[in-house]
$ cat coords05.pdb   # PDB, C-alpha atoms, pLDDT in the B column
MODEL        1
ATOM      1  CA  MET A   1      46.099  34.553 -25.363  1.00 89.00           C
ATOM      2  CA  ILE A   2      47.289  31.441 -23.580  1.00 92.00           C
ATOM      3  CA  GLU A   3      50.081  31.859 -21.029  1.00 95.00           C
ATOM      4  CA  VAL A   4      51.636  28.631 -19.760  1.00 96.00           C
ATOM      5  CA  CYS A   5      53.444  28.664 -16.421  1.00 96.00           C
ATOM      6  CA  CYS A   6      56.828  26.997 -16.948  1.00 96.00           C
ATOM      7  CA  GLY A   7      59.496  26.000 -14.471  1.00 95.00           C
ATOM      8  CA  SER A   8      62.395  25.402 -16.828  1.00 96.00           C
ATOM      9  CA  PHE A   9      63.907  25.738 -20.287  1.00 97.00           C
ATOM     10  CA  GLU A  10      62.510  22.302 -21.129  1.00 96.00           C
ATOM     11  CA  ASP A  11      58.974  23.274 -20.069  1.00 96.00           C
ATOM     12  CA  ALA A  12      59.087  26.411 -22.202  1.00 97.00           C
ATOM     13  CA  MET A  13      60.364  24.533 -25.238  1.00 97.00           C
ATOM     14  CA  MET A  14      57.568  21.981 -24.941  1.00 95.00           C
ATOM     15  CA  ALA A  15      55.024  24.808 -24.704  1.00 96.00           C
ATOM     16  CA  SER A  16      56.530  26.533 -27.732  1.00 96.00           C
ATOM     17  CA  GLU A  17      56.456  23.331 -29.773  1.00 95.00           C
ATOM     18  CA  CYS A  18      52.731  23.011 -28.958  1.00 93.00           C
ATOM     19  CA  GLY A  19      52.002  26.462 -30.390  1.00 93.00           C
ATOM     20  CA  VAL A  20      51.897  28.498 -27.175  1.00 95.00           C
ATOM     21  CA  LYS A  21      52.896  32.131 -27.778  1.00 95.00           C
ATOM     22  CA  ARG A  22      53.650  33.270 -24.208  1.00 97.00           C
ATOM     23  CA  VAL A  23      55.049  31.663 -21.068  1.00 97.00           C
ATOM     24  CA  GLU A  24      55.576  32.802 -17.516  1.00 98.00           C
ATOM     25  CA  LEU A  25      59.070  31.595 -16.652  1.00 98.00           C
ATOM     26  CA  ASN A  26      59.772  30.527 -13.062  1.00 97.00           C
ATOM     27  CA  SER A  27      61.826  28.240 -10.928  1.00 96.00           C
ATOM     28  CA  ALA A  28      60.489  26.200  -7.986  1.00 92.00           C
ATOM     29  CA  LEU A  29      56.905  25.806  -9.169  1.00 90.00           C
ATOM     30  CA  SER A  30      56.228  23.638  -6.125  1.00 86.00           C
ATOM     31  CA  LEU A  31      56.714  26.839  -4.053  1.00 89.00           C
ATOM     32  CA  GLY A  32      54.355  28.869  -6.217  1.00 90.00           C
ATOM     33  CA  GLY A  33      57.077  30.040  -8.577  1.00 94.00           C
ATOM     34  CA  LEU A  34      60.306  31.915  -7.847  1.00 97.00           C
ATOM     35  CA  THR A  35      62.776  33.889  -9.986  1.00 98.00           C
ATOM     36  CA  PRO A  36      64.113  31.729 -12.847  1.00 98.00           C
ATOM     37  CA  SER A  37      67.755  31.196 -13.690  1.00 97.00           C
ATOM     38  CA  LEU A  38      69.360  33.429 -16.293  1.00 97.00           C
ATOM     39  CA  GLY A  39      70.483  30.275 -18.089  1.00 97.00           C
ATOM     40  CA  SER A  40      66.898  29.193 -18.712  1.00 97.00           C
ATOM     41  CA  LEU A  41      65.978  32.651 -20.038  1.00 98.00           C
ATOM     42  CA  ILE A  42      69.022  32.818 -22.323  1.00 98.00           C
ATOM     43  CA  MET A  43      68.407  29.361 -23.771  1.00 98.00           C
ATOM     44  CA  ILE A  44      64.704  29.960 -24.431  1.00 98.00           C
ATOM     45  CA  LYS A  45      65.569  33.191 -26.246  1.00 97.00           C
ATOM     46  CA  GLN A  46      68.198  31.315 -28.242  1.00 97.00           C
ATOM     47  CA  TYR A  47      65.995  28.415 -29.319  1.00 97.00           C
ATOM     48  CA  SER A  48      62.554  30.010 -29.737  1.00 96.00           C
ATOM     49  CA  ASP A  49      60.717  33.247 -30.366  1.00 96.00           C
ATOM     50  CA  ILE A  50      58.139  32.659 -27.632  1.00 97.00           C
ATOM     51  CA  GLU A  51      57.247  35.678 -25.466  1.00 98.00           C
ATOM     52  CA  ILE A  52      58.769  35.308 -21.998  1.00 98.00           C
ATOM     53  CA  VAL A  53      57.359  36.879 -18.845  1.00 98.00           C
ATOM     54  CA  SER A  54      59.875  36.254 -16.051  1.00 98.00           C
ATOM     55  CA  MET A  55      58.804  35.931 -12.442  1.00 98.00           C
ATOM     56  CA  VAL A  56      60.659  38.083  -9.919  1.00 98.00           C
ATOM     57  CA  ARG A  57      60.082  36.595  -6.468  1.00 98.00           C
ATOM     58  CA  ALA A  58      62.722  35.914  -3.843  1.00 97.00           C
ATOM     59  CA  ARG A  59      60.884  33.412  -1.668  1.00 96.00           C
ATOM     60  CA  ALA A  60      57.588  31.707  -0.969  1.00 95.00           C
ATOM     61  CA  GLY A  61      55.203  32.719   1.789  1.00 93.00           C
ATOM     62  CA  GLY A  62      53.824  36.174   1.056  1.00 94.00           C
ATOM     63  CA  PHE A  63      54.697  39.438  -0.633  1.00 97.00           C
ATOM     64  CA  CYS A  64      55.958  41.816   2.059  1.00 98.00           C
ATOM     65  CA  TYR A  65      59.710  41.495   1.746  1.00 98.00           C
ATOM     66  CA  THR A  66      62.630  42.546   3.920  1.00 98.00           C
ATOM     67  CA  ASN A  67      65.027  45.172   2.574  1.00 98.00           C
ATOM     68  CA  TYR A  68      67.625  42.538   1.746  1.00 98.00           C
ATOM     69  CA  GLN A  69      65.064  40.440  -0.117  1.00 98.00           C
ATOM     70  CA  TYR A  70      63.851  43.465  -2.042  1.00 98.00           C
ATOM     71  CA  GLU A  71      67.377  44.474  -3.072  1.00 98.00           C
ATOM     72  CA  GLN A  72      67.982  40.935  -4.316  1.00 98.00           C
ATOM     73  CA  MET A  73      64.775  41.080  -6.354  1.00 98.00           C
ATOM     74  CA  LEU A  74      65.696  44.456  -7.818  1.00 98.00           C
ATOM     75  CA  GLU A  75      69.079  43.127  -8.927  1.00 98.00           C
ATOM     76  CA  ASN A  76      67.432  40.054 -10.468  1.00 98.00           C
ATOM     77  CA  LEU A  77      64.974  42.317 -12.289  1.00 98.00           C
ATOM     78  CA  LYS A  78      67.813  44.310 -13.857  1.00 98.00           C
ATOM     79  CA  LEU A  79      69.588  41.132 -14.956  1.00 98.00           C
ATOM     80  CA  LEU A  80      66.448  39.599 -16.470  1.00 98.00           C
ATOM     81  CA  LEU A  81      65.797  42.788 -18.410  1.00 98.00           C
ATOM     82  CA  ALA A  82      69.404  42.942 -19.577  1.00 98.00           C
ATOM     83  CA  TYR A  83      69.203  39.384 -20.901  1.00 98.00           C
ATOM     84  CA  GLY A  84      66.068  39.993 -22.918  1.00 97.00           C
ATOM     85  CA  THR A  85      62.965  39.007 -20.987  1.00 98.00           C
ATOM     86  CA  ASP A  86      59.896  40.403 -22.765  1.00 98.00           C
ATOM     87  CA  GLY A  87      58.085  41.123 -19.529  1.00 98.00           C
ATOM     88  CA  VAL A  88      58.206  40.586 -15.810  1.00 98.00           C
ATOM     89  CA  SER A  89      55.704  39.422 -13.207  1.00 98.00           C
ATOM     90  CA  PHE A  90      55.988  40.735  -9.657  1.00 98.00           C
ATOM     91  CA  GLY A  91      53.986  42.057  -6.725  1.00 98.00           C
ATOM     92  CA  PHE A  92      54.659  43.931  -3.503  1.00 98.00           C
ATOM     93  CA  LEU A  93      52.264  44.351  -0.578  1.00 98.00           C
ATOM     94  CA  ASN A  94      52.383  46.304   2.649  1.00 98.00           C
ATOM     95  CA  GLU A  95      51.700  44.542   5.937  1.00 97.00           C
ATOM     96  CA  ASP A  96      48.083  45.783   5.843  1.00 97.00           C
ATOM     97  CA  ARG A  97      47.646  43.955   2.507  1.00 97.00           C
ATOM     98  CA  THR A  98      47.528  47.101   0.374  1.00 98.00           C
ATOM     99  CA  ILE A  99      49.720  47.613  -2.695  1.00 98.00           C
ATOM    100  CA  ASP A 100      53.257  48.778  -1.860  1.00 98.00           C
ATOM    101  CA  LYS A 101      53.315  51.709  -4.279  1.00 98.00           C
ATOM    102  CA  ASN A 102      56.932  52.722  -3.730  1.00 98.00           C
ATOM    103  CA  ARG A 103      58.455  49.348  -4.498  1.00 98.00           C
ATOM    104  CA  CYS A 104      56.094  48.739  -7.408  1.00 98.00           C
ATOM    105  CA  GLN A 105      56.970  52.149  -8.834  1.00 98.00           C
ATOM    106  CA  GLU A 106      60.713  51.483  -8.718  1.00 98.00           C
ATOM    107  CA  PHE A 107      60.249  48.168 -10.497  1.00 98.00           C
ATOM    108  CA  LEU A 108      57.948  49.745 -13.082  1.00 98.00           C
ATOM    109  CA  GLU A 109      60.454  52.476 -13.872  1.00 98.00           C
ATOM    110  CA  ASN A 110      63.073  49.840 -14.680  1.00 98.00           C
ATOM    111  CA  VAL A 111      60.636  47.821 -16.789  1.00 98.00           C
ATOM    112  CA  LYS A 112      59.238  50.769 -18.717  1.00 97.00           C
ATOM    113  CA  ASN A 113      62.695  52.235 -19.353  1.00 97.00           C
ATOM    114  CA  GLU A 114      63.462  49.029 -21.272  1.00 97.00           C
ATOM    115  CA  GLY A 115      60.119  49.093 -23.105  1.00 97.00           C
ATOM    116  CA  ARG A 116      58.889  45.834 -21.536  1.00 98.00           C
ATOM    117  CA  LYS A 117      55.571  44.681 -20.058  1.00 98.00           C
ATOM    118  CA  ALA A 118      54.746  44.515 -16.343  1.00 98.00           C
ATOM    119  CA  THR A 119      52.317  42.043 -14.778  1.00 98.00           C
ATOM    120  CA  PHE A 120      51.142  42.292 -11.180  1.00 98.00           C
ATOM    121  CA  HIS A 121      50.832  38.670 -10.147  1.00 97.00           C
ATOM    122  CA  ARG A 122      48.527  36.870  -7.721  1.00 96.00           C
ATOM    123  CA  ALA A 123      49.693  38.904  -4.749  1.00 97.00           C
ATOM    124  CA  PHE A 124      46.558  40.765  -5.850  1.00 98.00           C
ATOM    125  CA  ASP A 125      44.484  37.875  -4.503  1.00 97.00           C
ATOM    126  CA  CYS A 126      45.765  38.634  -0.997  1.00 97.00           C
ATOM    127  CA  THR A 127      44.827  42.331  -1.053  1.00 98.00           C
ATOM    128  CA  ARG A 128      42.167  43.545   1.370  1.00 97.00           C
ATOM    129  CA  ASP A 129      40.069  45.349  -1.264  1.00 98.00           C
ATOM    130  CA  PRO A 130      40.282  44.168  -4.896  1.00 98.00           C
ATOM    131  CA  TYR A 131      38.717  47.335  -6.289  1.00 98.00           C
ATOM    132  CA  GLU A 132      41.063  49.647  -4.422  1.00 98.00           C
ATOM    133  CA  ALA A 133      43.974  47.422  -5.455  1.00 98.00           C
ATOM    134  CA  ILE A 134      43.193  47.279  -9.171  1.00 98.00           C
ATOM    135  CA  GLU A 135      42.678  51.035  -9.325  1.00 98.00           C
ATOM    136  CA  THR A 136      46.086  51.491  -7.687  1.00 98.00           C
ATOM    137  CA  LEU A 137      47.693  49.168 -10.238  1.00 98.00           C
ATOM    138  CA  ILE A 138      46.097  51.075 -13.114  1.00 98.00           C
ATOM    139  CA  ASP A 139      47.280  54.394 -11.690  1.00 98.00           C
ATOM    140  CA  LEU A 140      50.808  53.000 -11.304  1.00 98.00           C
ATOM    141  CA  GLY A 141      50.877  51.889 -14.929  1.00 98.00           C
ATOM    142  CA  PHE A 142      50.824  48.079 -14.847  1.00 98.00           C
ATOM    143  CA  ASP A 143      50.052  46.463 -18.195  1.00 98.00           C
ATOM    144  CA  ARG A 144      48.533  43.249 -16.876  1.00 98.00           C
ATOM    145  CA  LEU A 145      46.992  41.692 -13.786  1.00 98.00           C
ATOM    146  CA  LEU A 146      47.054  37.955 -13.060  1.00 98.00           C
ATOM    147  CA  THR A 147      44.297  36.912 -10.657  1.00 98.00           C
ATOM    148  CA  SER A 148      42.014  34.087  -9.584  1.00 97.00           C
ATOM    149  CA  GLY A 149      39.344  36.548  -8.463  1.00 97.00           C
ATOM    150  CA  GLN A 150      40.570  36.287  -4.842  1.00 97.00           C
ATOM    151  CA  GLU A 151      39.424  32.677  -4.592  1.00 97.00           C
ATOM    152  CA  ALA A 152      41.347  29.417  -4.457  1.00 95.00           C
ATOM    153  CA  THR A 153      40.764  28.917  -8.197  1.00 96.00           C
ATOM    154  CA  ALA A 154      39.716  31.156 -11.068  1.00 97.00           C
ATOM    155  CA  GLU A 155      36.606  29.045 -11.577  1.00 96.00           C
ATOM    156  CA  GLU A 156      35.528  29.802  -8.010  1.00 97.00           C
ATOM    157  CA  GLY A 157      36.389  33.470  -8.544  1.00 97.00           C
ATOM    158  CA  ILE A 158      34.337  33.840 -11.731  1.00 98.00           C
ATOM    159  CA  HIS A 159      31.965  36.488 -10.343  1.00 98.00           C
ATOM    160  CA  LEU A 160      34.716  38.876  -9.241  1.00 98.00           C
ATOM    161  CA  LEU A 161      36.717  38.195 -12.406  1.00 98.00           C
ATOM    162  CA  ALA A 162      33.687  39.097 -14.516  1.00 98.00           C
ATOM    163  CA  ASP A 163      33.096  42.292 -12.559  1.00 98.00           C
ATOM    164  CA  LEU A 164      36.746  43.362 -12.750  1.00 98.00           C
ATOM    165  CA  GLN A 165      36.796  42.701 -16.483  1.00 98.00           C
ATOM    166  CA  LYS A 166      33.579  44.680 -17.004  1.00 98.00           C
ATOM    167  CA  LYS A 167      34.739  47.679 -14.972  1.00 98.00           C
ATOM    168  CA  TYR A 168      38.458  47.774 -15.683  1.00 98.00           C
ATOM    169  CA  GLY A 169      39.179  45.523 -18.661  1.00 96.00           C
ATOM    170  CA  ASN A 170      39.681  48.486 -20.967  1.00 97.00           C
ATOM    171  CA  GLN A 171      42.348  49.949 -18.633  1.00 98.00           C
ATOM    172  CA  ILE A 172      44.437  46.886 -17.757  1.00 98.00           C
ATOM    173  CA  GLU A 173      44.771  43.428 -19.311  1.00 98.00           C
ATOM    174  CA  ILE A 174      43.261  40.897 -16.913  1.00 98.00           C
ATOM    175  CA  ILE A 175      44.589  37.336 -16.987  1.00 98.00           C
ATOM    176  CA  ALA A 176      42.580  34.596 -15.276  1.00 98.00           C
ATOM    177  CA  GLY A 177      44.841  32.094 -13.537  1.00 95.00           C
ATOM    178  CA  CYS A 178      44.967  29.309 -10.944  1.00 95.00           C
ATOM    179  CA  GLY A 179      43.186  26.058 -11.585  1.00 93.00           C
ATOM    180  CA  VAL A 180      42.549  27.003 -15.204  1.00 95.00           C
ATOM    181  CA  ASN A 181      42.693  23.938 -17.434  1.00 91.00           C
ATOM    182  CA  GLU A 182      41.341  22.316 -20.566  1.00 89.00           C
ATOM    183  CA  ASN A 183      38.134  21.358 -18.736  1.00 91.00           C
ATOM    184  CA  ASN A 184      37.039  24.800 -17.516  1.00 93.00           C
ATOM    185  CA  ALA A 185      38.759  27.246 -19.879  1.00 93.00           C
ATOM    186  CA  GLN A 186      35.740  27.805 -22.108  1.00 93.00           C
ATOM    187  CA  LYS A 187      33.473  28.318 -19.104  1.00 94.00           C
ATOM    188  CA  ILE A 188      35.793  30.971 -17.674  1.00 96.00           C
ATOM    189  CA  ILE A 189      36.003  32.765 -21.027  1.00 95.00           C
ATOM    190  CA  ASP A 190      32.217  32.704 -21.484  1.00 95.00           C
ATOM    191  CA  LYS A 191      31.365  33.784 -17.920  1.00 97.00           C
ATOM    192  CA  THR A 192      33.986  36.520 -17.493  1.00 97.00           C
ATOM    193  CA  GLY A 193      34.702  37.901 -20.939  1.00 96.00           C
ATOM    194  CA  ILE A 194      38.434  37.548 -20.164  1.00 97.00           C
ATOM    195  CA  LYS A 195      40.448  36.534 -23.204  1.00 94.00           C
ATOM    196  CA  GLN A 196      43.781  35.769 -21.509  1.00 96.00           C
ATOM    197  CA  LEU A 197      44.218  32.546 -19.552  1.00 96.00           C
ATOM    198  CA  HIS A 198      47.146  31.357 -17.434  1.00 96.00           C
ATOM    199  CA  SER A 199      47.634  27.642 -16.790  1.00 94.00           C
ATOM    200  CA  THR A 200      50.306  25.338 -15.432  1.00 92.00           C
ATOM    201  CA  CYS A 201      49.106  22.459 -17.654  1.00 90.00           C
ATOM    202  CA  ARG A 202      50.660  20.376 -14.919  1.00 90.00           C
ATOM    203  CA  GLY A 203      52.445  17.188 -15.767  1.00 87.00           C
ATOM    204  CA  TRP A 204      55.134  15.025 -14.242  1.00 86.00           C
ATOM    205  CA  GLY A 205      58.584  13.779 -15.109  1.00 84.00           C
ATOM    206  CA  VAL A 206      60.059  10.696 -13.489  1.00 83.00           C
ATOM    207  CA  ASP A 207      63.417  10.364 -11.722  1.00 79.00           C
ATOM    208  CA  ALA A 208      63.735   7.468  -9.305  1.00 77.00           C
ATOM    209  CA  THR A 209      67.073   8.685  -7.925  1.00 78.00           C
ATOM    210  CA  GLY A 210      65.406  11.211  -5.628  1.00 72.00           C
ATOM    211  CA  MET A 211      64.213   8.447  -3.305  1.00 70.00           C
ATOM    212  CA  GLY A 212      66.852   6.510  -1.360  1.00 68.00           C
ATOM    213  CA  GLU A 213      66.268   3.838   1.231  1.00 69.00           C
ATOM    214  CA  ARG A 214      66.657   6.280   4.128  1.00 69.00           C
ATOM    215  CA  VAL A 215      66.609   9.734   2.510  1.00 72.00           C
ATOM    216  CA  SER A 216      64.361  11.622   0.126  1.00 64.00           C
ATOM    217  CA  PHE A 217      64.999  14.735  -1.939  1.00 68.00           C
ATOM    218  CA  GLN A 218      61.399  15.038  -3.084  1.00 64.00           C
ATOM    219  CA  VAL A 219      59.303  18.071  -2.130  1.00 66.00           C
ATOM    220  CA  SER A 220      56.732  15.794  -0.512  1.00 63.00           C
ATOM    221  CA  ASP A 221      56.321  12.085   0.114  1.00 60.00           C
ATOM    222  CA  GLU A 222      53.312  12.092  -2.207  1.00 61.00           C
ATOM    223  CA  ASP A 223      55.538  12.912  -5.184  1.00 63.00           C
ATOM    224  CA  GLY A 224      57.264   9.536  -5.045  1.00 68.00           C
ATOM    225  CA  ASP A 225      59.703   9.382  -7.949  1.00 76.00           C
ATOM    226  CA  ARG A 226      58.016  12.255  -9.820  1.00 77.00           C
ATOM    227  CA  TYR A 227      58.914  15.914 -10.333  1.00 81.00           C
ATOM    228  CA  ARG A 228      56.844  18.817 -11.620  1.00 80.00           C
ATOM    229  CA  SER A 229      56.818  19.504 -15.330  1.00 89.00           C
ATOM    230  CA  VAL A 230      54.284  20.427 -18.002  1.00 91.00           C
ATOM    231  CA  SER A 231      52.063  17.994 -19.850  1.00 91.00           C
ATOM    232  CA  VAL A 232      52.300  18.159 -23.641  1.00 93.00           C
ATOM    233  CA  ASP A 233      48.905  16.479 -23.981  1.00 91.00           C
ATOM    234  CA  ARG A 234      47.278  19.016 -21.669  1.00 92.00           C
ATOM    235  CA  ILE A 235      48.917  21.942 -23.443  1.00 93.00           C
ATOM    236  CA  LYS A 236      47.686  20.656 -26.812  1.00 92.00           C
ATOM    237  CA  LYS A 237      44.132  20.317 -25.499  1.00 91.00           C
ATOM    238  CA  PHE A 238      44.324  23.778 -23.924  1.00 89.00           C
ATOM    239  CA  VAL A 239      45.555  25.327 -27.180  1.00 89.00           C
ATOM    240  CA  GLN A 240      42.849  23.537 -29.143  1.00 87.00           C
ATOM    241  CA  ILE A 241      40.080  24.814 -26.876  1.00 82.00           C
ATOM    242  CA  CYS A 242      41.341  28.386 -26.559  1.00 80.00           C
ATOM    243  CA  GLY A 243      42.901  28.809 -29.986  1.00 67.00           C
TER     244      GLY A 243
ENDMDL
END

$ encode --input "coords05.pdb" --output "structure tokens"
Amino acid sequence: MIEVCCGSFEDAMMASECGVKRVELNSALSLGGLTPSLGSLIMIKQYSDIEIVSMVRARAGGFCYTNYQYEQMLENLKLLLAYGTDGVSFGFLNEDRTIDKNRCQEFLENVKNEGRKATFHRAFDCTRDPYEAIETLIDLGFDRLLTSGQEATAEEGIHLLADLQKKYGNQIEIIAGCGVNENNAQKIIDKTGIKQLHSTCRGWGVDATGMGERVSFQVSDEDGDRYRSVSVDRIKKFVQICG
């Protein structure tokens, strides 16, 4: 199963047209992915039958949220479920970098009551003990876990990914993500035994109006007149290798 990380309706439609069966829908990919707009979810459901896993994340910079931030995320979760998302991706940690069971449980109850799938995202890669964490997620009832093996990329985390898959792969679906692309996908599959891969298939759109003579609305100066998107060519190569 290939899961492409998309930041918009347009990204998801391009992935669907390339034969991708599942996307993780976000906004603000430059910040690691935040909760998407309801408009993007509604339009993807209207124009395709692709499986949509919606991110629920209020901000960048960690996974231990204030009460206000959590309440906002809970409300967004309920709206995403009401408008037809097939699954959700979320993660809550305590300050000591253990799984926040109470908040995860409340989210899971909402997800399961609607018969949808729950993914614990890469907050897992910040936990203090991956084995303790994955056992907690299994006990809580998560369907899937997205992880890079607690390394900067999934390729670097191959050894832990392989061990997690061997020990727990029959209890929770493990998705390898971060830095996964058409050049290393087969290696990750062969070395870990994991059959689900998550990739941004990063590409760029161009819009010169974000750069004025004295002001810039780009995320960074390095972006120039570009903005984040997906690459159709990279998605096609990824599908060809993994399909």

$ residues_around --input "coords05.pdb" --residues "Cys18 (chain A)" --least-positions-apart "3" --cutoff "8 Å" --atoms "all atoms listed in the file" --output "list in words"
Met14, Ala15, Val232, Ile235, Lys236 and Val239 of chain A

$ closest_residue --input "coords05.pdb" --among "A:Tyr83, A:Phe90, A:Tyr131, A:Tyr47" --to "Cys64 (chain A)" --atoms "all atoms listed in the file"
A:Phe90

$ resolve_selection --input "coords05.pdb" --expression "the PyMOL selection byres ((chain A and resi 112) around 12)" --output "NGL selection string"
:A and (78 or 81 or 86-88 or 104-111 or 113-119 or 140-143)

$ atom_distance --input "coords05.pdb" --atom1 "CA of Gly32 (chain A)" --atom2 "CA of Ile44 (chain A)"
21.0 Å

$ resolve_selection --input "coords05.pdb" --expression "the PyMOL selection byres ((chain A and resi 27) around 8)" --output "list in words"
Cys6, Gly7, Ser8, Leu25, Asn26, Ala28, Leu29, Gly33, Leu34, Thr35, Pro36 and Ser37 of chain A

$ closest_residue --input "coords05.pdb" --among "A:Met43, A:Leu93, A:Ala154, A:Cys201" --to "Thr127 (chain A)" --atoms "only C-alpha atoms"
A:Leu93

$ resolve_selection --input "coords05.pdb" --expression "the PyMOL selection byres ((chain A and resi 165) around 12)" --output "ChimeraX atom specification"
/A:131,134,144-147,149,158-164,166-176,188-189,191-196

$ atom_distance --input "coords05.pdb" --atom1 "CA of Ser199 (chain A)" --atom2 "CA of Glu10 (chain A)"
16.4 Å

$ closest_residue --input "coords05.pdb" --among "A:Thr98, A:Ile42, A:Ile52, A:Arg59" --to "Val23 (chain A)" --atoms "all atoms listed in the file"
A:Ile52

$ atom_distance --input "coords05.pdb" --atom1 "CA of Asp100 (chain A)" --atom2 "CA of Gly179 (chain A)"
26.7 Å

$ closest_residue --input "coords05.pdb" --among "A:Met13, A:Cys178, A:Ala123, A:Ala208" --to "Glu156 (chain A)" --atoms "all atoms listed in the file"
A:Cys178

$ closest_residue --input "coords05.pdb" --among "A:Arg128, A:Lys187, A:Lys237, A:His198" --to "Glu155 (chain A)" --atoms "all atoms listed in the file"
A:Lys187

$ axis_aligned_box --input "coords05.pdb" --around "region 162-170 of chain A" --padding-each-side "6 Å" --output "lines of an AutoDock Vina configuration file"
center_x = 36.4
center_y = 43.8
center_z = -16.8
size_x = 18.6
size_y = 21.4
size_z = 20.4

$ closest_residue --input "coords05.pdb" --among "A:Asn102, A:Ser48, A:Val53, A:Ile138" --to "Glu24 (chain A)" --atoms "only C-alpha atoms"
A:Val53
